[in-house]
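Here is the file work17.tsv (TSV, N, CA and C atoms and all ligand atoms).
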```tsv
chain	number	residue	atom	x	y	z
F	32	MET	N	21.40	-3.84	3.08
F	32	MET	CA	20.82	-2.71	3.82
F	32	MET	C	19.58	-2.21	3.08
F	33	CYS	N	18.52	-2.01	3.80
F	33	CYS	CA	17.28	-1.52	3.21
F	33	CYS	C	17.40	-0.03	2.94
F	34	SER	N	17.12	0.37	1.70
F	34	SER	CA	17.25	1.79	1.35
F	34	SER	C	16.04	2.61	1.79
F	35	LEU	N	14.96	1.98	2.24
F	35	LEU	CA	13.80	2.75	2.70
F	35	LEU	C	13.89	3.08	4.18
F	36	CYS	N	14.34	2.13	4.99
F	36	CYS	CA	14.40	2.39	6.44
F	36	CYS	C	15.84	2.57	6.93
F	37	ASN	N	16.81	2.36	6.05
F	37	ASN	CA	18.22	2.53	6.39
F	37	ASN	C	18.68	1.64	7.53
F	38	ASN	N	17.96	0.54	7.74
F	38	ASN	CA	18.41	-0.43	8.73
F	38	ASN	C	19.21	-1.51	8.02
F	39	SER	N	19.77	-2.39	8.79
F	39	SER	CA	20.65	-3.40	8.21
F	39	SER	C	19.90	-4.61	7.67
F	40	HIS	N	18.57	-4.47	7.46
F	40	HIS	CA	17.80	-5.58	6.91
F	40	HIS	C	18.21	-5.82	5.46
F	41	THR	N	18.23	-7.09	5.09
F	41	THR	CA	18.48	-7.45	3.69
F	41	THR	C	17.25	-7.06	2.89
F	42	GLU	N	17.49	-6.59	1.66
F	42	GLU	CA	16.37	-6.18	0.82
F	42	GLU	C	15.69	-7.40	0.20
F	43	THR	N	15.02	-8.18	1.04
F	43	THR	CA	14.21	-9.29	0.53
F	43	THR	C	12.83	-8.74	0.19
F	44	SER	N	12.09	-9.48	-0.63
F	44	SER	CA	10.74	-9.01	-0.95
F	44	SER	C	9.88	-8.98	0.31
F	45	GLN	N	10.09	-9.92	1.23
F	45	GLN	CA	9.32	-9.91	2.48
F	45	GLN	C	9.60	-8.64	3.28
F	46	HIS	N	10.86	-8.24	3.34
F	46	HIS	CA	11.17	-7.01	4.09
F	46	HIS	C	10.64	-5.78	3.36
F	47	ILE	N	10.97	-5.67	2.07
F	47	ILE	CA	10.61	-4.45	1.33
F	47	ILE	C	9.10	-4.22	1.31
F	48	PHE	N	8.34	-5.27	1.01
F	48	PHE	CA	6.90	-5.08	0.80
F	48	PHE	C	6.05	-5.28	2.05
F	49	ILE	N	6.60	-5.91	3.09
F	49	ILE	CA	5.78	-6.25	4.26
F	49	ILE	C	6.38	-5.75	5.57
F	50	ASP	N	7.60	-6.14	5.87
F	50	ASP	CA	8.15	-5.95	7.21
F	50	ASP	C	8.79	-4.58	7.43
F	51	CYS	N	9.20	-3.90	6.36
F	51	CYS	CA	9.85	-2.59	6.50
F	51	CYS	C	8.89	-1.59	7.15
F	52	VAL	N	9.42	-0.75	8.00
F	52	VAL	CA	8.58	0.25	8.66
F	52	VAL	C	7.90	1.15	7.63
F	53	PHE	N	8.57	1.39	6.52
F	53	PHE	CA	8.00	2.19	5.43
F	53	PHE	C	6.78	1.48	4.84
F	54	ALA	N	6.93	0.18	4.52
F	54	ALA	CA	5.80	-0.60	3.97
F	54	ALA	C	4.67	-0.67	4.98
F	55	LYS	N	5.02	-0.85	6.25
F	55	LYS	CA	3.97	-0.93	7.28
F	55	LYS	C	3.14	0.35	7.31
F	56	SER	N	3.77	1.51	7.10
F	56	SER	CA	3.01	2.77	7.10
F	56	SER	C	2.07	2.83	5.90
F	57	ILE	N	2.49	2.27	4.76
F	57	ILE	CA	1.62	2.23	3.57
F	57	ILE	C	0.42	1.31	3.83
F	58	TRP	N	0.69	0.12	4.41
F	58	TRP	CA	-0.41	-0.82	4.70
F	58	TRP	C	-1.34	-0.28	5.77
F	59	GLN	N	-0.78	0.45	6.73
F	59	GLN	CA	-1.64	1.06	7.76
F	59	GLN	C	-2.55	2.10	7.13
F	60	TRP	N	-2.01	2.85	6.17
F	60	TRP	CA	-2.82	3.83	5.44
F	60	TRP	C	-3.98	3.13	4.75
F	61	LEU	N	-3.73	1.99	4.10
F	61	LEU	CA	-4.80	1.27	3.42
F	61	LEU	C	-5.83	0.75	4.43
F	62	SER	N	-5.36	0.22	5.55
F	62	SER	CA	-6.30	-0.24	6.60
F	62	SER	C	-7.20	0.90	7.05
F	63	ASN	N	-6.61	2.08	7.21
F	63	ASN	CA	-7.40	3.24	7.63
F	63	ASN	C	-8.42	3.60	6.56
F	64	CYS	N	-8.03	3.55	5.29
F	64	CYS	CA	-8.97	3.86	4.20
F	64	CYS	C	-10.14	2.88	4.20
F	65	LEU	N	-9.84	1.61	4.47
F	65	LEU	CA	-10.89	0.58	4.47
F	65	LEU	C	-11.63	0.53	5.80
F	66	ASN	N	-11.14	1.29	6.77
F	66	ASN	CA	-11.74	1.34	8.10
F	66	ASN	C	-11.84	-0.05	8.73
F	67	MET	N	-10.77	-0.82	8.58
F	67	MET	CA	-10.74	-2.16	9.15
F	67	MET	C	-9.30	-2.61	9.39
F	68	GLN	N	-9.14	-3.56	10.32
F	68	GLN	CA	-7.83	-4.15	10.55
F	68	GLN	C	-7.60	-5.22	9.50
F	69	CYS	N	-6.49	-5.18	8.80
F	69	CYS	CA	-6.19	-6.15	7.76
F	69	CYS	C	-4.89	-6.87	8.10
F	70	ASN	N	-4.79	-8.11	7.64
F	70	ASN	CA	-3.58	-8.90	7.85
F	70	ASN	C	-2.64	-8.68	6.67
F	71	PHE	N	-1.57	-7.98	6.90
F	71	PHE	CA	-0.58	-7.74	5.85
F	71	PHE	C	0.74	-8.39	6.24
F	72	SER	N	0.70	-9.69	6.58
F	72	SER	CA	1.93	-10.37	7.00
F	72	SER	C	2.65	-11.04	5.84
F	73	SER	N	2.05	-11.01	4.65
F	73	SER	CA	2.71	-11.51	3.44
F	73	SER	C	2.00	-10.89	2.24
F	74	ILE	N	2.59	-10.96	1.07
F	74	ILE	CA	1.95	-10.41	-0.13
F	74	ILE	C	0.65	-11.18	-0.43
F	75	PRO	N	0.64	-12.53	-0.35
F	75	PRO	CA	-0.64	-13.23	-0.55
F	75	PRO	C	-1.71	-12.80	0.46
F	76	ASP	N	-1.31	-12.53	1.72
F	76	ASP	CA	-2.29	-12.04	2.70
F	76	ASP	C	-2.86	-10.70	2.26
F	77	ALA	N	-2.01	-9.83	1.72
F	77	ALA	CA	-2.47	-8.52	1.27
F	77	ALA	C	-3.48	-8.67	0.14
F	78	ILE	N	-3.19	-9.55	-0.79
F	78	ILE	CA	-4.10	-9.76	-1.92
F	78	ILE	C	-5.37	-10.46	-1.45
F	79	ASP	N	-5.24	-11.28	-0.40
F	79	ASP	CA	-6.38	-12.04	0.10
F	79	ASP	C	-7.48	-11.14	0.68
F	80	ILE	N	-7.17	-9.91	1.06
F	80	ILE	CA	-8.25	-9.05	1.59
F	80	ILE	C	-9.30	-8.79	0.52
F	81	CYS	N	-8.94	-8.99	-0.75
F	81	CYS	CA	-9.92	-8.82	-1.83
F	81	CYS	C	-10.95	-9.94	-1.82
F	82	ASN	N	-10.69	-11.01	-1.10
F	82	ASN	CA	-11.60	-12.16	-1.09
F	82	ASN	C	-12.62	-12.09	0.04
F	83	ARG	N	-12.68	-10.96	0.71
F	83	ARG	CA	-13.72	-10.83	1.73
F	83	ARG	C	-15.07	-10.66	1.05
F	84	ARG	N	-16.09	-10.52	1.82
F	84	ARG	CA	-17.45	-10.47	1.26
F	84	ARG	C	-17.75	-9.07	0.74
F	85	TRP	N	-16.99	-8.63	-0.24
F	85	TRP	CA	-17.21	-7.35	-0.88
F	85	TRP	C	-18.13	-7.55	-2.08
F	86	SER	N	-18.71	-6.48	-2.54
F	86	SER	CA	-19.42	-6.55	-3.82
F	86	SER	C	-18.38	-6.73	-4.92
F	87	PRO	N	-18.78	-7.20	-6.09
F	87	PRO	CA	-17.79	-7.35	-7.18
F	87	PRO	C	-17.05	-6.05	-7.49
F	88	LEU	N	-17.75	-4.93	-7.46
F	88	LEU	CA	-17.09	-3.65	-7.73
F	88	LEU	C	-16.08	-3.30	-6.64
F	89	CYS	N	-16.46	-3.55	-5.37
F	89	CYS	CA	-15.53	-3.27	-4.27
F	89	CYS	C	-14.28	-4.15	-4.37
F	90	LYS	N	-14.45	-5.40	-4.79
F	90	LYS	CA	-13.28	-6.27	-4.94
F	90	LYS	C	-12.28	-5.67	-5.93
F	91	VAL	N	-12.80	-5.11	-7.02
F	91	VAL	CA	-11.91	-4.50	-8.01
F	91	VAL	C	-11.21	-3.28	-7.41
F	92	VAL	N	-11.96	-2.48	-6.66
F	92	VAL	CA	-11.38	-1.27	-6.06
F	92	VAL	C	-10.32	-1.65	-5.03
F	93	VAL	N	-10.62	-2.63	-4.17
F	93	VAL	CA	-9.65	-3.04	-3.14
F	93	VAL	C	-8.42	-3.66	-3.79
F	94	LEU	N	-8.62	-4.49	-4.80
F	94	LEU	CA	-7.47	-5.07	-5.50
F	94	LEU	C	-6.62	-3.97	-6.14
F	95	SER	N	-7.27	-2.96	-6.71
F	95	SER	CA	-6.53	-1.83	-7.29
F	95	SER	C	-5.72	-1.10	-6.22
F	96	ALA	N	-6.32	-0.94	-5.05
F	96	ALA	CA	-5.61	-0.25	-3.96
F	96	ALA	C	-4.41	-1.07	-3.49
F	97	VAL	N	-4.57	-2.39	-3.38
F	97	VAL	CA	-3.45	-3.25	-2.96
F	97	VAL	C	-2.32	-3.18	-3.99
F	98	ILE	N	-2.69	-3.27	-5.26
F	98	ILE	CA	-1.67	-3.19	-6.32
F	98	ILE	C	-0.99	-1.83	-6.29
F	99	ASN	N	-1.77	-0.79	-6.05
F	99	ASN	CA	-1.19	0.55	-5.97
F	99	ASN	C	-0.21	0.66	-4.81
F	100	CYS	N	-0.54	0.04	-3.68
F	100	CYS	CA	0.39	0.05	-2.53
F	100	CYS	C	1.69	-0.66	-2.89
F	101	LEU	N	1.58	-1.84	-3.50
F	101	LEU	CA	2.78	-2.57	-3.90
F	101	LEU	C	3.60	-1.76	-4.90
F	102	ASN	N	2.91	-1.15	-5.86
F	102	ASN	CA	3.59	-0.34	-6.87
F	102	ASN	C	4.27	0.87	-6.25
F	103	THR	N	3.60	1.49	-5.29
F	103	THR	CA	4.18	2.66	-4.62
F	103	THR	C	5.44	2.29	-3.86
F	104	ILE	N	5.39	1.16	-3.15
F	104	ILE	CA	6.57	0.72	-2.40
F	104	ILE	C	7.73	0.45	-3.38
F	105	TRP	N	7.41	-0.22	-4.48
F	105	TRP	CA	8.45	-0.51	-5.48
F	105	TRP	C	8.99	0.79	-6.09
F	106	PHE	N	8.09	1.73	-6.38
F	106	PHE	CA	8.51	3.03	-6.90
F	106	PHE	C	9.48	3.71	-5.93
F	107	CYS	N	9.16	3.62	-4.64
F	107	CYS	CA	10.01	4.27	-3.64
F	107	CYS	C	11.38	3.59	-3.52
F	108	ILE	N	11.40	2.26	-3.68
F	108	ILE	CA	12.70	1.57	-3.67
F	108	ILE	C	13.57	2.11	-4.81
F	109	LEU	N	12.96	2.30	-5.97
F	109	LEU	CA	13.74	2.75	-7.13
F	109	LEU	C	14.12	4.22	-7.02
F	110	ASN	N	13.34	5.01	-6.27
F	110	ASN	CA	13.57	6.45	-6.20
F	110	ASN	C	13.76	6.93	-4.76
F	111	PHE	N	14.29	6.06	-3.89
F	111	PHE	CA	14.30	6.35	-2.46
F	111	PHE	C	14.97	7.68	-2.12
F	112	SER	N	15.98	8.07	-2.87
F	112	SER	CA	16.69	9.28	-2.48
F	112	SER	C	15.90	10.53	-2.81
F	113	LYS	N	14.87	10.40	-3.65
F	113	LYS	CA	14.11	11.58	-4.07
F	113	LYS	C	12.75	11.66	-3.39
F	114	THR	N	12.40	10.67	-2.58
F	114	THR	CA	11.05	10.57	-2.07
F	114	THR	C	11.03	10.60	-0.55
F	115	THR	N	10.11	11.37	0.02
F	115	THR	CA	9.96	11.37	1.47
F	115	THR	C	8.64	10.68	1.81
F	116	THR	N	8.53	10.26	3.06
F	116	THR	CA	7.30	9.59	3.48
F	116	THR	C	6.09	10.49	3.30
F	117	SER	N	6.22	11.78	3.62
F	117	SER	CA	5.05	12.66	3.48
F	117	SER	C	4.65	12.82	2.01
F	118	GLN	N	5.63	12.82	1.10
F	118	GLN	CA	5.29	12.88	-0.32
F	118	GLN	C	4.50	11.64	-0.73
F	119	ILE	N	4.91	10.49	-0.23
F	119	ILE	CA	4.21	9.25	-0.57
F	119	ILE	C	2.80	9.27	-0.01
F	120	LEU	N	2.65	9.69	1.25
F	120	LEU	CA	1.32	9.70	1.84
F	120	LEU	C	0.43	10.72	1.12
F	121	ASN	N	1.00	11.83	0.66
F	121	ASN	CA	0.22	12.79	-0.13
F	121	ASN	C	-0.22	12.15	-1.44
F	122	TYR	N	0.67	11.40	-2.07
F	122	TYR	CA	0.34	10.70	-3.31
F	122	TYR	C	-0.77	9.69	-3.08
F	123	MET	N	-0.67	8.92	-1.97
F	123	MET	CA	-1.70	7.93	-1.66
F	123	MET	C	-3.03	8.62	-1.38
F	124	GLY	N	-2.99	9.76	-0.70
F	124	GLY	CA	-4.22	10.51	-0.44
F	124	GLY	C	-4.86	10.98	-1.73
F	125	LEU	N	-4.05	11.41	-2.67
F	125	LEU	CA	-4.56	11.84	-3.98
F	125	LEU	C	-5.20	10.68	-4.71
F	126	PHE	N	-4.60	9.50	-4.60
F	126	PHE	CA	-5.15	8.29	-5.22
F	126	PHE	C	-6.54	8.02	-4.64
F	127	THR	N	-6.67	8.11	-3.31
F	127	THR	CA	-7.96	7.87	-2.66
F	127	THR	C	-8.99	8.89	-3.10
F	128	LYS	N	-8.58	10.16	-3.16
F	128	LYS	CA	-9.49	11.23	-3.57
F	128	LYS	C	-9.98	11.00	-4.99
F	129	ASN	N	-9.08	10.57	-5.87
F	129	ASN	CA	-9.47	10.31	-7.25
F	129	ASN	C	-10.46	9.15	-7.34
F	130	LEU	N	-10.23	8.11	-6.54
F	130	LEU	CA	-11.17	6.98	-6.53
F	130	LEU	C	-12.54	7.42	-6.05
F	131	ARG	N	-12.56	8.18	-4.95
F	131	ARG	CA	-13.84	8.63	-4.40
F	131	ARG	C	-14.56	9.52	-5.41
F	132	THR	N	-13.84	10.43	-6.05
F	132	THR	CA	-14.45	11.32	-7.05
F	132	THR	C	-15.05	10.51	-8.17
F	133	HIS	N	-14.32	9.48	-8.61
F	133	HIS	CA	-14.80	8.64	-9.71
F	133	HIS	C	-16.09	7.92	-9.33
F	134	PHE	N	-16.13	7.32	-8.13
F	134	PHE	CA	-17.29	6.51	-7.76
F	134	PHE	C	-18.45	7.35	-7.28
F	135	GLU	N	-18.22	8.57	-6.82
F	135	GLU	CA	-19.33	9.43	-6.40
F	135	GLU	C	-20.09	9.98	-7.60
F	136	LYS	N	-19.48	9.93	-8.78
F	136	LYS	CA	-20.17	10.39	-9.99
F	136	LYS	C	-21.32	9.46	-10.34
F	137	ASP	N	-21.15	8.16	-10.03
F	137	ASP	CA	-22.14	7.16	-10.47
F	137	ASP	C	-23.36	7.11	-9.57
T	1	ZN	ZN	13.35	-1.35	5.44
```
Would you put the structure from the file into structure tokens?
Amino acid sequence: MCSLCNNSHTETSQHIFIDCVFAKSIWQWLSNCLNMQCNFSSIPDAIDICNRRWSPLCKVVVLSAVINCLNTIWFCILNFSKTTTSQILNYMGLFTKNLRTHFEKD
């Protein structure tokens, strides 16, 4: 049973990181931040968005965002009883704000 969506899905890495409705909301958040439709049908697909025609700096930022999404999902699996979806989305929003603040300085 998946502890994030409480459905009877087995906690496989494919379900936890990609197919779970919780993971899908995280990936949708990233797509919205990038203002583009992205293919998140597997973990390699998620990492592959870094291989688009971005500048070298953008590739690092996008890769950091993908890793942060994976890390957040894993964090939520470990702390599912203490975390709500709105708390996670607030955390992700703070991450985005910090990135923008950092890059707007330059
Ligand atoms: Zn699930």
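Compared by their closest atoms to ligand ZN 1 (chain T), and using only C-alpha atoms and all ligand atoms, the residues F:Ser62, F:Ser86, F:Ile74, F:Ile108 rank with F:Ile108 nearest.
The gap separating atom C of Ile57 in chain F from atom C of Gly124 in chain F is 12.3 Å, in Å to one decimal.
In this model, the gap between CA of Asp50 in chain F and atom N of Asn82 in chain F comes to 21.2 Å.
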With 6.5 Å as the cut-off and only N, CA and C atoms and all ligand atoms counted, what is the closest atom pair between each nearby residue of chain F and ligand ZN 1 (chain T)? Distances in Å to one decimal, ordered by chain and number, as JSON lines.
```
{"residue": "F:Cys33", "atom": "CA", "partner": "T:ZN1", "partner_atom": "ZN", "distance": 4.5}
{"residue": "F:Ser34", "atom": "N", "partner": "T:ZN1", "partner_atom": "ZN", "distance": 5.6}
{"residue": "F:Leu35", "atom": "C", "partner": "T:ZN1", "partner_atom": "ZN", "distance": 4.6}
{"residue": "F:Cys36", "atom": "N", "partner": "T:ZN1", "partner_atom": "ZN", "distance": 3.6}
{"residue": "F:Asn37", "atom": "N", "partner": "T:ZN1", "partner_atom": "ZN", "distance": 5.1}
{"residue": "F:Asn38", "atom": "N", "partner": "T:ZN1", "partner_atom": "ZN", "distance": 5.5}
{"residue": "F:His40", "atom": "CA", "partner": "T:ZN1", "partner_atom": "ZN", "distance": 6.3}
{"residue": "F:His46", "atom": "C", "partner": "T:ZN1", "partner_atom": "ZN", "distance": 5.6}
{"residue": "F:Ile47", "atom": "CA", "partner": "T:ZN1", "partner_atom": "ZN", "distance": 5.8}
{"residue": "F:Asp50", "atom": "C", "partner": "T:ZN1", "partner_atom": "ZN", "distance": 5.9}
{"residue": "F:Cys51", "atom": "CA", "partner": "T:ZN1", "partner_atom": "ZN", "distance": 3.9}
{"residue": "F:Val52", "atom": "N", "partner": "T:ZN1", "partner_atom": "ZN", "distance": 4.7}
{"residue": "F:Phe53", "atom": "N", "partner": "T:ZN1", "partner_atom": "ZN", "distance": 5.6}
```
Using N, CA and C atoms, can you write the selected residues to a file as a PDB file, keeping the file's coordinate frame?
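Once written, again-v1.pdb looks like this:
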```
ATOM      1  N   CYS F  33      18.520  -2.010   3.800  1.00  0.00           N
ATOM      2  CA  CYS F  33      17.280  -1.520   3.210  1.00  0.00           C
ATOM      3  C   CYS F  33      17.400  -0.030   2.940  1.00  0.00           C
ATOM      4  N   SER F  34      17.120   0.370   1.700  1.00  0.00           N
ATOM      5  CA  SER F  34      17.250   1.790   1.350  1.00  0.00           C
ATOM      6  C   SER F  34      16.040   2.610   1.790  1.00  0.00           C
ATOM      7  N   LEU F  35      14.960   1.980   2.240  1.00  0.00           N
ATOM      8  CA  LEU F  35      13.800   2.750   2.700  1.00  0.00           C
ATOM      9  C   LEU F  35      13.890   3.080   4.180  1.00  0.00           C
ATOM     10  N   CYS F  36      14.340   2.130   4.990  1.00  0.00           N
ATOM     11  CA  CYS F  36      14.400   2.390   6.440  1.00  0.00           C
ATOM     12  C   CYS F  36      15.840   2.570   6.930  1.00  0.00           C
ATOM     13  N   ASN F  37      16.810   2.360   6.050  1.00  0.00           N
ATOM     14  CA  ASN F  37      18.220   2.530   6.390  1.00  0.00           C
ATOM     15  C   ASN F  37      18.680   1.640   7.530  1.00  0.00           C
ATOM     16  N   ASN F  38      17.960   0.540   7.740  1.00  0.00           N
ATOM     17  CA  ASN F  38      18.410  -0.430   8.730  1.00  0.00           C
ATOM     18  C   ASN F  38      19.210  -1.510   8.020  1.00  0.00           C
ATOM     19  N   HIS F  40      18.570  -4.470   7.460  1.00  0.00           N
ATOM     20  CA  HIS F  40      17.800  -5.580   6.910  1.00  0.00           C
ATOM     21  C   HIS F  40      18.210  -5.820   5.460  1.00  0.00           C
ATOM     22  N   HIS F  46      10.860  -8.240   3.340  1.00  0.00           N
ATOM     23  CA  HIS F  46      11.170  -7.010   4.090  1.00  0.00           C
ATOM     24  C   HIS F  46      10.640  -5.780   3.360  1.00  0.00           C
ATOM     25  N   ILE F  47      10.970  -5.670   2.070  1.00  0.00           N
ATOM     26  CA  ILE F  47      10.610  -4.450   1.330  1.00  0.00           C
ATOM     27  C   ILE F  47       9.100  -4.220   1.310  1.00  0.00           C
ATOM     28  N   ASP F  50       7.600  -6.140   5.870  1.00  0.00           N
ATOM     29  CA  ASP F  50       8.150  -5.950   7.210  1.00  0.00           C
ATOM     30  C   ASP F  50       8.790  -4.580   7.430  1.00  0.00           C
ATOM     31  N   CYS F  51       9.200  -3.900   6.360  1.00  0.00           N
ATOM     32  CA  CYS F  51       9.850  -2.590   6.500  1.00  0.00           C
ATOM     33  C   CYS F  51       8.890  -1.590   7.150  1.00  0.00           C
ATOM     34  N   VAL F  52       9.420  -0.750   8.000  1.00  0.00           N
ATOM     35  CA  VAL F  52       8.580   0.250   8.660  1.00  0.00           C
ATOM     36  C   VAL F  52       7.900   1.150   7.630  1.00  0.00           C
ATOM     37  N   PHE F  53       8.570   1.390   6.520  1.00  0.00           N
ATOM     38  CA  PHE F  53       8.000   2.190   5.430  1.00  0.00           C
ATOM     39  C   PHE F  53       6.780   1.480   4.840  1.00  0.00           C
TER      40      PHE F  53
END
```
Of F:Leu65, F:Phe71, F:Arg84, F:Phe48, the one nearest to Cys100 in chain F when counting all atoms listed in the file is F:Phe48
Atom pair atom N of Trp85 in chain F + atom N of Asn102 in chain F, distance 22.0 Å
Q.
Which residues are near Gln59 in chain F? Cut-off 9 Å, only C-alpha atoms, ignore same chain within fewer than 5 positions. Put them as a PyMOL selection string.
A. chain F and resi 54+64+68-69
Now that the selection is made, can you save its residues with N, CA and C atoms as an mmCIF file, keeping the file's coordinate frame?
```
data_model
loop_
_atom_site.group_PDB
_atom_site.id
_atom_site.type_symbol
_atom_site.label_atom_id
_atom_site.label_comp_id
_atom_site.auth_asym_id
_atom_site.auth_seq_id
_atom_site.Cartn_x
_atom_site.Cartn_y
_atom_site.Cartn_z
ATOM 1 N N ALA F 54 6.930 0.180 4.520
ATOM 2 C CA ALA F 54 5.800 -0.600 3.970
ATOM 3 C C ALA F 54 4.670 -0.670 4.980
ATOM 4 N N CYS F 64 -8.030 3.550 5.290
ATOM 5 C CA CYS F 64 -8.970 3.860 4.200
ATOM 6 C C CYS F 64 -10.140 2.880 4.200
ATOM 7 N N GLN F 68 -9.140 -3.560 10.320
ATOM 8 C CA GLN F 68 -7.830 -4.150 10.550
ATOM 9 C C GLN F 68 -7.600 -5.220 9.500
ATOM 10 N N CYS F 69 -6.490 -5.180 8.800
ATOM 11 C CA CYS F 69 -6.190 -6.150 7.760
ATOM 12 C C CYS F 69 -4.890 -6.870 8.100
#
```
Output, as AutoDock Vina command-line options, the centre and edge lengths in Å (one decimal) of the axis-aligned box that contains all listed atoms of range 76-90 of chain F with 3 Å of margin on each side.
```
--center_x -10.4 --center_y -7.9 --center_z -2.5 --size_x 24.1 --size_y 15.3 --size_z 16.4
```
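Using only C-alpha atoms, the nearest neighbour of Asn70 in chain F within the list F:Ser56, F:Ile49, F:Ser39, F:Ile98 is F:Ile49.
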